[in-house]
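target_4.pdb follows (PDB, C-alpha atoms and all ligand atoms):
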MODEL        1
ATOM      1  CA  MET A  93     -21.165  15.286   5.074
ATOM      2  CA  ARG A  94     -19.171  14.178   2.036
ATOM      3  CA  ALA A  95     -15.363  14.289   1.794
ATOM      4  CA  HIS A  96     -12.827  17.021   1.184
ATOM      5  CA  THR A  97     -10.010  15.791  -1.078
ATOM      6  CA  VAL A  98      -6.741  17.704  -1.310
ATOM      7  CA  ILE A  99      -4.301  17.233  -4.212
ATOM      8  CA  LEU A 100      -0.719  18.276  -3.449
ATOM      9  CA  GLY A 101       2.054  19.219  -5.841
ATOM     10  CA  ALA A 102       5.631  20.382  -5.356
ATOM     11  CA  GLY A 103       4.485  23.920  -4.452
ATOM     12  CA  ALA A 104       2.955  22.602  -1.219
ATOM     13  CA  THR A 105       6.290  21.233  -0.028
ATOM     14  CA  VAL A 106       7.985  24.501  -0.999
ATOM     15  CA  ALA A 107       5.399  26.368   1.121
ATOM     16  CA  THR A 108       6.069  23.944   4.002
ATOM     17  CA  VAL A 109       9.846  24.498   4.106
ATOM     18  CA  PRO A 110      10.318  27.837   2.281
ATOM     19  CA  ASN A 111      13.707  28.330   3.906
ATOM     20  CA  GLY A 112      14.824  24.734   3.719
ATOM     21  CA  ASP A 113      14.181  21.804   6.039
ATOM     22  CA  LYS A 114      15.424  21.274   9.604
ATOM     23  CA  ASN A 115      18.991  21.005   8.271
ATOM     24  CA  GLY A 116      18.718  23.769   5.687
ATOM     25  CA  ASN A 117      18.211  21.411   2.726
ATOM     26  CA  LYS A 118      15.931  22.800   0.033
ATOM     27  CA  SER A 119      12.878  20.875  -1.130
ATOM     28  CA  SER A 120      11.862  19.561  -4.504
ATOM     29  CA  VAL A 121      12.223  22.368  -6.962
ATOM     30  CA  MET A 122      12.778  20.526 -10.186
ATOM     31  CA  ASN A 123      14.542  23.425 -11.883
ATOM     32  CA  GLY A 124      18.193  23.639 -10.971
ATOM     33  CA  LEU A 125      18.111  20.392  -8.997
ATOM     34  CA  ILE A 126      20.807  18.890 -11.214
ATOM     35  CA  LYS A 127      23.367  21.416 -10.002
ATOM     36  CA  LYS A 128      22.169  21.261  -6.419
ATOM     37  CA  LEU A 129      22.559  17.494  -6.198
ATOM     38  CA  HIS A 130      25.917  17.501  -7.988
ATOM     39  CA  LEU A 131      24.433  15.318 -10.686
ATOM     40  CA  ASP A 132      26.951  16.649 -13.181
ATOM     41  CA  ASP A 133      29.135  13.666 -12.287
ATOM     42  CA  ILE A 134      26.402  11.228 -13.301
ATOM     43  CA  LEU A 135      25.787  13.117 -16.529
ATOM     44  CA  HIS A 136      29.492  13.393 -17.315
ATOM     45  CA  GLY A 137      30.213  12.183 -20.852
ATOM     46  CA  ILE A 138      26.522  12.159 -21.829
ATOM     47  CA  SER A 139      25.535  14.745 -24.379
ATOM     48  CA  LEU A 140      21.933  15.718 -23.775
ATOM     49  CA  LYS A 141      19.621  16.866 -26.552
ATOM     50  CA  THR A 142      17.533  18.937 -24.148
ATOM     51  CA  ASN A 143      18.853  22.353 -23.107
ATOM     52  CA  SER A 144      16.514  22.417 -20.116
ATOM     53  CA  ASP A 145      17.841  22.277 -16.550
ATOM     54  CA  ASN A 146      14.496  20.864 -15.430
ATOM     55  CA  LEU A 147      14.865  17.437 -13.890
ATOM     56  CA  GLU A 148      11.739  16.054 -15.571
ATOM     57  CA  ASP A 149      13.022  16.972 -19.031
ATOM     58  CA  ILE A 150      16.457  15.508 -18.348
ATOM     59  CA  TYR A 151      15.124  12.340 -16.741
ATOM     60  CA  SER A 152      12.665  11.776 -19.599
ATOM     61  CA  GLU A 153      15.455  11.986 -22.142
ATOM     62  CA  LEU A 154      17.837   9.689 -20.244
ATOM     63  CA  HIS A 155      15.045   7.180 -19.701
ATOM     64  CA  SER A 156      14.294   7.032 -23.431
ATOM     65  CA  ARG A 157      17.931   6.408 -24.423
ATOM     66  CA  SER A 158      19.295   2.872 -24.255
ATOM     67  CA  ASP A 159      22.849   4.201 -23.792
ATOM     68  CA  CYS A 160      21.913   5.989 -20.536
ATOM     69  CA  GLN A 161      20.414   3.248 -18.371
ATOM     70  CA  GLU A 162      23.283   3.257 -15.885
ATOM     71  CA  ALA A 163      22.896   7.011 -15.458
ATOM     72  CA  VAL A 164      19.151   6.516 -14.902
ATOM     73  CA  ALA A 165      19.782   4.044 -12.083
ATOM     74  CA  GLN A 166      22.333   6.367 -10.443
ATOM     75  CA  LEU A 167      20.030   9.372 -10.809
ATOM     76  CA  GLU A 168      17.158   7.487  -9.171
ATOM     77  CA  GLN A 169      19.338   6.498  -6.212
ATOM     78  CA  VAL A 170      20.636  10.042  -5.684
ATOM     79  CA  LEU A 171      17.109  11.441  -5.825
ATOM     80  CA  TYR A 172      15.728   8.843  -3.426
ATOM     81  CA  ASP A 173      18.494   9.504  -0.902
ATOM     82  CA  TYR A 174      18.128  13.275  -1.205
ATOM     83  CA  PHE A 175      14.390  13.267  -0.515
ATOM     84  CA  ALA A 176      14.684  10.606   2.205
ATOM     85  CA  ALA A 177      17.028  12.881   4.178
ATOM     86  CA  LEU A 178      14.553  15.801   4.380
ATOM     87  CA  GLU A 179      13.192  16.556   7.863
ATOM     88  CA  LEU A 180      10.504  18.912   9.144
ATOM     89  CA  PRO A 181      11.636  21.797  11.358
ATOM     90  CA  GLU A 182      10.492  21.600  15.006
ATOM     91  CA  TYR A 183       7.926  24.405  14.668
ATOM     92  CA  PRO A 184       4.487  23.897  13.069
ATOM     93  CA  THR A 185       4.635  23.938   9.270
ATOM     94  CA  ILE A 186       2.015  24.185   6.526
ATOM     95  CA  TYR A 187       1.865  20.378   6.358
ATOM     96  CA  ASP A 188       0.995  20.240  10.078
ATOM     97  CA  TYR A 189      -1.816  22.776   9.604
ATOM     98  CA  LEU A 190      -2.969  20.863   6.530
ATOM     99  CA  VAL A 191      -3.098  17.461   8.240
ATOM    100  CA  LEU A 192      -4.958  18.988  11.215
ATOM    101  CA  SER A 193      -7.428  20.821   8.946
ATOM    102  CA  LEU A 194      -9.061  17.552   7.811
ATOM    103  CA  THR A 195     -10.746  14.548   9.461
ATOM    104  CA  ASP A 196     -10.951  10.847   8.697
ATOM    105  CA  LYS A 197     -13.671  11.220   6.039
ATOM    106  CA  ASP A 198     -11.130  13.225   3.983
ATOM    107  CA  ALA A 199      -7.970  12.478   2.007
ATOM    108  CA  ILE A 200      -4.726  14.096   0.948
ATOM    109  CA  ALA A 201      -3.401  12.734  -2.359
ATOM    110  CA  THR A 202       0.146  13.876  -3.000
ATOM    111  CA  PHE A 203       2.379  13.767  -6.060
ATOM    112  CA  ASN A 204       5.420  14.545  -3.920
ATOM    113  CA  TRP A 205       8.177  12.070  -3.093
ATOM    114  CA  ASP A 206       9.413  13.844   0.031
ATOM    115  CA  PRO A 207       8.534  12.433   3.478
ATOM    116  CA  LEU A 208       7.489  15.748   5.096
ATOM    117  CA  LEU A 209       3.722  15.175   4.903
ATOM    118  CA  LEU A 210       4.162  11.769   6.563
ATOM    119  CA  GLN A 211       6.311  13.303   9.294
ATOM    120  CA  ALA A 212       3.601  15.916   9.894
ATOM    121  CA  TYR A 213       0.983  13.166  10.107
ATOM    122  CA  VAL A 214       2.989  11.307  12.753
ATOM    123  CA  ARG A 215       3.387  14.323  15.027
ATOM    124  CA  CYS A 216      -0.186  15.585  14.516
ATOM    125  CA  HIS A 217      -1.358  12.221  15.776
ATOM    126  CA  LYS A 218      -0.575  13.579  19.266
ATOM    127  CA  PHE A 219      -3.562  15.942  18.946
ATOM    128  CA  THR A 220      -6.072  13.435  17.583
ATOM    129  CA  ASP A 221      -6.339  10.182  15.656
ATOM    130  CA  ASN A 222      -9.206  11.647  13.615
ATOM    131  CA  LEU A 223      -6.935  12.476  10.658
ATOM    132  CA  PRO A 224      -7.246  12.256   6.860
ATOM    133  CA  HIS A 225      -6.056   9.366   4.668
ATOM    134  CA  ILE A 226      -2.759   9.945   2.897
ATOM    135  CA  LEU A 227      -2.326   8.628  -0.645
ATOM    136  CA  CYS A 228       0.975   8.863  -2.534
ATOM    137  CA  LEU A 229       0.286   8.972  -6.256
ATOM    138  CA  HIS A 230       3.958   8.823  -7.306
ATOM    139  CA  GLY A 231       5.218   6.738  -4.369
ATOM    140  CA  ASN A 232       6.935   8.331  -1.381
ATOM    141  CA  VAL A 233      10.247   7.890   0.429
ATOM    142  CA  GLY A 234       8.379   8.122   3.755
ATOM    143  CA  VAL A 235       6.141   5.110   3.066
ATOM    144  CA  GLY A 236       6.878   1.399   3.201
ATOM    145  CA  TYR A 237       4.719  -1.384   1.744
ATOM    146  CA  CYS A 238       4.672  -5.139   2.350
ATOM    147  CA  ALA A 239       3.472  -6.533  -0.995
ATOM    148  CA  GLU A 240       2.875  -9.985   0.459
ATOM    149  CA  HIS A 241       0.422  -8.781   3.114
ATOM    150  CA  ARG A 242      -0.718  -5.556   1.449
ATOM    151  CA  GLU A 243       0.170  -3.537   4.527
ATOM    152  CA  PHE A 244       1.631  -0.045   4.379
ATOM    153  CA  GLY A 245       2.876   2.454   6.917
ATOM    154  CA  THR A 246       5.685   4.866   7.626
ATOM    155  CA  ILE A 247       9.070   3.732   6.358
ATOM    156  CA  ASP A 248      10.321   2.973   9.898
ATOM    157  CA  ALA A 249       7.347   0.715  10.726
ATOM    158  CA  ILE A 250       7.092  -3.086  10.593
ATOM    159  CA  CYS A 251       4.451  -5.135   8.781
ATOM    160  CA  PRO A 252       1.830  -6.103  11.390
ATOM    161  CA  ILE A 253       1.528  -9.598   9.850
ATOM    162  CA  CYS A 254       5.090 -10.791   9.107
ATOM    163  CA  ARG A 255       6.749  -8.409  11.617
ATOM    164  CA  LYS A 256       9.465  -7.519   9.057
ATOM    165  CA  PRO A 257      10.450  -3.892   8.338
ATOM    166  CA  LEU A 258       8.241  -2.498   5.544
ATOM    167  CA  PRO A 259      10.222  -2.368   2.267
ATOM    168  CA  PRO A 260      10.419   1.098   0.625
ATOM    169  CA  THR A 261       7.780   1.974  -1.976
ATOM    170  CA  LYS A 262       8.886   2.519  -5.566
ATOM    171  CA  LEU A 263       8.987   6.075  -6.812
ATOM    172  CA  LEU A 264       7.355   6.915 -10.112
ATOM    173  CA  TYR A 265       9.878   9.047 -11.978
ATOM    174  CA  PRO A 266       8.950  11.748 -14.483
ATOM    175  CA  VAL A 267       8.396  10.246 -17.915
ATOM    176  CA  ASN A 268       5.621  11.270 -20.264
ATOM    177  CA  HIS A 269       3.690   8.019 -20.149
ATOM    178  CA  LYS A 270       3.720   6.887 -16.547
ATOM    179  CA  ASN A 271       2.270   3.524 -15.780
ATOM    180  CA  TYR A 272       0.047   3.978 -12.751
ATOM    181  CA  THR A 273      -0.910   0.319 -12.606
ATOM    182  CA  SER A 274       2.518  -1.386 -12.645
ATOM    183  CA  ASP A 275       3.144  -0.949  -8.920
ATOM    184  CA  GLU A 276       0.609  -2.365  -6.485
ATOM    185  CA  TYR A 277       0.948   0.315  -3.801
ATOM    186  CA  ILE A 278       0.704   3.171  -6.325
ATOM    187  CA  LYS A 279      -2.258   1.532  -8.063
ATOM    188  CA  GLY A 280      -4.001   1.171  -4.705
ATOM    189  CA  CYS A 281      -3.458   4.870  -4.002
ATOM    190  CA  TRP A 282      -4.925   5.820  -7.379
ATOM    191  CA  ASP A 283      -7.969   3.600  -6.910
ATOM    192  CA  ALA A 284      -8.606   5.118  -3.483
ATOM    193  CA  THR A 285      -8.076   8.658  -4.791
ATOM    194  CA  GLU A 286     -10.525   8.181  -7.653
ATOM    195  CA  PHE A 287     -13.105   6.745  -5.273
ATOM    196  CA  ILE A 288     -12.828   9.560  -2.745
ATOM    197  CA  ILE A 289     -12.806  12.303  -5.403
ATOM    198  CA  GLU A 290     -16.020  10.864  -6.834
ATOM    199  CA  ASN A 291     -17.519  11.107  -3.364
ATOM    200  CA  SER A 292     -16.179  14.544  -2.464
ATOM    201  CA  TYR A 293     -18.063  17.757  -1.780
ATOM    202  CA  MET A 294     -14.860  19.806  -1.911
ATOM    203  CA  LEU A 295     -11.654  19.550  -3.905
ATOM    204  CA  THR A 296      -8.554  21.584  -3.049
ATOM    205  CA  ILE A 297      -5.571  21.704  -5.395
ATOM    206  CA  PHE A 298      -2.507  22.984  -3.556
ATOM    207  CA  GLY A 299       0.747  23.924  -5.321
ATOM    208  CA  TYR A 300       0.191  21.505  -8.169
ATOM    209  CA  SER A 301       1.254  22.876 -11.523
ATOM    210  CA  ALA A 302       0.168  19.788 -13.500
ATOM    211  CA  PRO A 303       3.428  19.538 -15.463
ATOM    212  CA  SER A 304       3.421  18.217 -19.018
ATOM    213  CA  SER A 305       4.666  14.825 -17.785
ATOM    214  CA  ASP A 306       1.434  14.534 -15.751
ATOM    215  CA  ILE A 307      -1.173  14.808 -18.516
ATOM    216  CA  GLU A 308      -2.328  11.281 -17.743
ATOM    217  CA  ALA A 309      -2.687  12.120 -14.047
ATOM    218  CA  VAL A 310      -4.851  15.168 -14.674
ATOM    219  CA  LYS A 311      -7.036  13.065 -16.993
ATOM    220  CA  LEU A 312      -7.559  10.513 -14.218
ATOM    221  CA  LEU A 313      -8.427  13.229 -11.678
ATOM    222  CA  LYS A 314     -10.883  14.799 -14.124
ATOM    223  CA  LYS A 315     -12.476  11.435 -14.847
ATOM    224  CA  ALA A 316     -13.057  10.965 -11.118
ATOM    225  CA  TRP A 317     -14.498  14.473 -10.631
ATOM    226  CA  GLY A 318     -16.734  13.892 -13.670
ATOM    227  CA  ASP A 319     -18.965  16.241 -15.674
ATOM    228  CA  LEU A 320     -19.419  19.731 -14.285
ATOM    229  CA  ASP A 321     -23.182  19.429 -14.811
ATOM    230  CA  LYS A 322     -23.164  16.938 -11.969
ATOM    231  CA  ARG A 323     -20.944  19.178  -9.817
ATOM    232  CA  GLN A 324     -23.210  22.210  -9.501
ATOM    233  CA  LEU A 325     -23.150  22.242  -5.703
ATOM    234  CA  GLU A 326     -19.505  21.359  -5.139
ATOM    235  CA  GLU A 327     -16.730  23.801  -4.402
ATOM    236  CA  VAL A 328     -13.157  23.801  -5.732
ATOM    237  CA  SER A 329     -10.347  25.586  -3.943
ATOM    238  CA  ILE A 330      -6.989  26.373  -5.527
ATOM    239  CA  ILE A 331      -3.984  27.372  -3.411
ATOM    240  CA  ASP A 332      -1.278  28.596  -5.735
ATOM    241  CA  ILE A 333       1.106  31.495  -6.082
ATOM    242  CA  ILE A 334       0.068  32.017  -9.722
ATOM    243  CA  SER A 335      -2.592  34.612 -10.635
ATOM    244  CA  GLU A 336      -6.324  33.972 -10.592
ATOM    245  CA  ASP A 337      -6.534  34.213 -14.403
ATOM    246  CA  GLU A 338      -3.892  31.505 -14.800
ATOM    247  CA  VAL A 339      -5.606  29.348 -12.173
ATOM    248  CA  LEU A 340      -8.942  29.574 -13.987
ATOM    249  CA  LYS A 341      -7.359  28.753 -17.310
ATOM    250  CA  LYS A 342      -5.512  25.763 -15.869
ATOM    251  CA  TRP A 343      -8.370  24.253 -13.870
ATOM    252  CA  GLU A 344     -11.490  25.348 -15.802
ATOM    253  CA  GLN A 345     -12.501  21.758 -16.489
ATOM    254  CA  PHE A 346     -12.872  21.248 -12.710
ATOM    255  CA  ILE A 347     -14.794  24.431 -11.810
ATOM    256  CA  TYR A 348     -18.548  24.881 -12.188
ATOM    257  CA  SER A 349     -19.506  28.520 -12.772
ATOM    258  CA  HIS A 350     -18.176  30.666  -9.893
ATOM    259  CA  HIS A 351     -17.908  27.809  -7.395
ATOM    260  CA  TYR A 352     -14.266  28.233  -6.553
ATOM    261  CA  ARG A 353     -11.899  30.080  -4.284
ATOM    262  CA  HIS A 354      -8.351  31.012  -5.214
ATOM    263  CA  SER A 355      -5.836  32.005  -2.562
ATOM    264  CA  ASN A 356      -2.100  32.566  -2.742
ATOM    265  CA  ASP A 357      -1.484  30.916   0.610
ATOM    266  CA  PHE A 358      -2.897  28.183   2.825
ATOM    267  CA  PHE A 359      -4.157  30.530   5.559
ATOM    268  CA  HIS A 360      -6.656  32.224   3.224
ATOM    269  CA  SER A 361      -7.991  28.920   1.883
ATOM    270  CA  TYR A 362     -11.112  27.204   3.252
ATOM    271  CA  LEU A 363      -8.839  24.715   5.012
ATOM    272  CA  GLY A 364      -6.843  27.410   6.759
ATOM    273  CA  MET A 365      -9.897  29.481   7.722
ATOM    274  CA  PHE A 366     -12.221  26.621   8.739
ATOM    275  CA  PRO A 367      -9.988  23.747   9.888
ATOM    276  CA  ARG A 368     -11.793  20.396  10.349
ATOM    277  CA  ARG A 369     -15.144  21.935   9.254
ATOM    278  CA  SER A 370     -14.431  23.182   5.726
ATOM    279  CA  CYS A 371     -17.214  21.171   4.030
ATOM    280  CA  GLU A 372     -19.724  21.896   6.805
ATOM    281  CA  THR A 373     -18.964  25.633   6.780
ATOM    282  CA  VAL A 374     -19.063  26.057   2.999
ATOM    283  CA  PHE A 375     -22.270  24.020   2.768
ATOM    284  CA  ALA A 376     -23.912  26.133   5.489
ATOM    285  CA  THR A 377     -22.756  29.351   3.798
ATOM    286  CA  VAL A 378     -23.883  28.441   0.299
ATOM    287  CA  GLN A 379     -27.016  26.408   1.016
ATOM    288  CA  LEU A 380     -28.288  27.806   4.320
ATOM    289  CA  ASN A 381     -27.170  31.451   4.157
ATOM    290  CA  VAL A 382     -25.145  31.158   7.356
ATOM    291  CA  THR A 383     -22.515  33.911   7.697
ATOM    292  CA  PRO A 384     -19.083  32.301   8.141
ATOM    293  CA  ASP A 385     -16.553  33.616  10.661
ATOM    294  CA  SER A 386     -13.080  33.332   9.171
ATOM    295  CA  SER A 387     -11.271  34.742  12.205
ATOM    296  CA  LYS A 388     -11.106  31.536  14.259
ATOM    297  CA  GLY A 389      -8.932  29.384  12.007
ATOM    298  CA  PHE A 390      -5.182  28.935  11.630
ATOM    299  CA  GLN A 391      -2.895  31.962  11.473
ATOM    300  CA  LYS A 392       0.666  32.197  10.242
ATOM    301  CA  ASP A 393       3.439  31.483  12.799
ATOM    302  CA  MET A 394       1.314  29.780  15.454
ATOM    303  CA  THR A 395       2.986  27.799  18.219
ATOM    304  CA  TRP A 396       1.952  24.229  19.064
ATOM    305  CA  ASP A 397       0.090  25.640  22.085
ATOM    306  CA  ASP A 398      -1.787  28.119  19.875
ATOM    307  CA  ILE A 399      -2.857  25.250  17.640
ATOM    308  CA  SER A 400      -3.955  23.175  20.592
ATOM    309  CA  GLY A 401      -5.970  26.153  21.840
ATOM    310  CA  ILE A 402      -7.882  26.895  18.659
ATOM    311  CA  LEU A 403      -8.648  23.218  18.006
ATOM    312  CA  SER A 404      -9.786  22.310  21.524
ATOM    313  CA  LYS A 405     -13.488  23.072  20.918
ATOM    314  CA  VAL A 406     -13.758  21.342  17.519
ATOM    315  CA  LEU A 407     -11.889  18.286  18.801
ATOM    316  CA  HIS A 408     -14.195  18.160  21.830
ATOM    317  CA  ASP A 409     -17.253  18.414  19.545
ATOM    318  CA  GLU A 410     -15.913  15.521  17.476
ATOM    319  CA  SER A 411     -15.492  13.333  20.537
ATOM    320  CA  GLN A 412     -19.136  14.047  21.494
ATOM    321  CA  THR A 413     -20.600  13.358  18.024
ATOM    322  CA  PRO A 414     -21.982   9.846  17.396
ATOM    323  CA  LYS A 415     -20.331   8.009  14.504
ATOM    324  CA  GLY A 416     -21.906   8.795  11.142
ATOM    325  CA  LYS A 417     -23.512  12.050  12.337
ATOM    326  CA  ASN A 418     -22.463  15.511  11.123
ATOM    327  CA  TYR A 419     -20.212  17.571  13.367
ATOM    328  CA  PRO A 420     -21.762  20.819  14.692
ATOM    329  CA  LEU A 421     -20.811  24.088  12.982
ATOM    330  CA  HIS A 422     -18.080  26.131  14.603
ATOM    331  CA  TYR A 423     -16.982  28.911  12.253
ATOM    332  CA  TYR A 424     -20.082  31.101  11.970
ATOM    333  CA  VAL A 425     -21.124  34.535  13.206
ATOM    334  CA  LYS A 426     -23.126  33.769  16.365
ATOM    335  CA  GLU A 427     -24.917  37.157  16.437
ATOM    336  CA  GLN A 428     -26.695  36.082  13.277
ATOM    337  CA  PHE A 429     -28.830  33.760  15.380
ATOM    338  CA  SER A 430     -29.268  35.885  18.515
TER
HETATM  339 ZN    ZN B   1       4.236  -8.505   5.695
ENDMDL
END
Structure encoded using structure tokens:
Amino acid sequence: MRAHTVILGAGATVATVPNGDKNGNKSSVMNGLIKKLHLDDILHGISLKTNSDNLEDIYSELHSRSDCQEAVAQLEQVLYDYFAALELPEYPTIYDYLVLSLTDKDAIATFNWDPLLLQAYVRCHKFTDNLPHILCLHGNVGVGYCAEHREFGTIDAICPICRKPLPPTKLLYPVNHKNYTSDEYIKGCWDATEFIIENSYMLTIFGYSAPSSDIEAVKLLKKAWGDLDKRQLEEVSIIDIISEDEVLKKWEQFIYSHHYRHSNDFFHSYLGMFPRRSCETVFATVQLNVTPDSSKGFQKDMTWDDISGILSKVLHDESQTPKGKNYPLHYYVKEQFS
């Protein structure tokens, strides 16, 4: 079975900590962040041409002005520190469900700087080590990278070769023409993302609004997905709070005919309904006329024990499946075959 690639934007982090993180800190909503982070001090004495309170607009302007380079450096430090301090609550969050809904043939490529997805990955590792690859397309405060030995890991880890703490990765800040090749770690993530998208059966876009400063990024994703004529069997899934009409308009260049599913939340997406077997289940439904059973997946407000319970059979099946073979189906209506 081919891969399932998930692209994450800021909306996914908002859905993960809708009421703030463990300490009540709000996640990356770019609008209004200037006030929230008390950045007025940094901007004091600078008269901005933009009237926007959106961080991307303000950062782009500062970055383009030679008289504002000190403010740019201060802004970057404040942002880094703010995101680095975010922590997952103790209870299972959307990022935990997401990490557990995929296996090691799959990937999550995120545009987010916050460390919450990485924290989810670390604690989900207690259930299984059969987890997706995580790729950080704009860098991430939760990831460290040793450039000398090309080793990366969580920010608190050490390089397995030189045994030194992994230095933080650079963050790619919001300017209109981002250079995705200037930083080695970020370039590596892009190369891997393009490769896995090319080889994917399913693509899920979760909470990613493709802001105007990301035109280049969307072009790269589209290039990897390729012509729709060659994507007649594949399925695209969009998880977004915006309406279906807006979703279709925004992502039409990725969707062949009616081969898509739009849901307003994670639990009604293929990933939420068919964790760890999304590609297998959709393939069986579309190609083999198998009736899927969407009642056995993740539900809102589960406990860690609930999660352990619903995953026990699929995890057992995985442990019994020889490497390279397809996992058996799990989410289908059994009466259909009796
Ligand atoms: Zn090293």
note - atom CA of A:Glu326 and atom CA of A:Met294 are separated by 5.9 Å
Using only C-alpha atoms and all ligand atoms, which protein or nucleic acid residues are at most 10 Å from ligand ZN 1 (chain B), as number ranges by chain?
-> A: 237-244, 250-259
Report as number ranges by chain the residues that result from applying the PyMOL selection byres (((chain A and resi 359) around 12) and not hetatm) to the structure here.
-> A: 107, 185-187, 189-190, 193, 298, 331-332, 354-358, 360-367, 386-394
Contacts of stretch 156-158 of chain A at 10 Å or less, counting all atoms listed in the file, minus same-chain residues fewer than 5 places along, as a list of chain:residue names?
->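 Neighbouring residues, sequence-local ones excluded: A:Tyr151, A:Val164, A:Val267.
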May I have the residues within 10 Å of A:Asp275 as a PyMOL selection string, using all atoms listed in the file and disregarding those fewer than 3 positions away in the same chain?
-> chain A and resi 230-231+239+261-264+271-272+278-280
Just give me the gap between atom CA of A:Glu148 and atom CA of A:Gln161 in Å, one decimal is fine.
-> 15.7 Å
Hey, what comes out of the PyMOL selection byres (((chain A and resi 305) around 9) and not hetatm) on this file? Could you write it as a count of residues only?
-> 15
In Å to one decimal, how far is atom CA of A:Leu312 from atom CA of A:Glu344?
->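 We find that atom CA of A:Glu344 and atom CA of A:Leu312 lie 15.4 Å from each other.
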With distances taken over all atoms listed in the file, the candidate from A:Arg368, A:Lys426, A:Lys341, A:His408 nearest A:Val382 is A:Lys426
If the PyMOL selection byres (((chain A and resi 192) around 12) and not hetatm) is run on the structure shown, which residues does it catch, given as an NGL selection string?
-> :A and (184-191 or 193-196 or 198-200 or 209 or 212-225 or 363-364 or 366-370 or 389-390 or 396 or 399-400 or 402-404 or 406-407)
Skip A:Leu229 itself and residues of its chain fewer than 4 positions away, then list as a PyMOL selection string all residues within 7 Å of it, counting all atoms listed in the file.
-> chain A and resi 201-203+278+281-282
Determine, for each residue of stretch 174-260 of chain A having at least one atom at most 8 Å from an atom of stretch 111-115 of chain A, the closest pair of atoms and their separation in Å to one decimal, counting all atoms listed in the file; order by chain and ascending number, as JSON lines.
{"residue": "A:Leu178", "atom": "CA", "partner": "A:Asp113", "partner_atom": "CA", "distance": 6.2}
{"residue": "A:Glu179", "atom": "CA", "partner": "A:Lys114", "partner_atom": "CA", "distance": 5.5}
{"residue": "A:Leu180", "atom": "CA", "partner": "A:Lys114", "partner_atom": "CA", "distance": 5.5}
{"residue": "A:Pro181", "atom": "CA", "partner": "A:Lys114", "partner_atom": "CA", "distance": 4.2}
{"residue": "A:Glu182", "atom": "CA", "partner": "A:Lys114", "partner_atom": "CA", "distance": 7.3}
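Among the candidates A:Leu100, A:Val425, A:Ile333, A:Val106, the one nearest to A:Lys118 when counting only C-alpha atoms is A:Val106.
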Looking at all atoms listed in the file, which of A:Glu153, A:Asp133, A:Lys415, A:Pro260 is the one that sits closest to A:Asp173?
-> A:Pro260
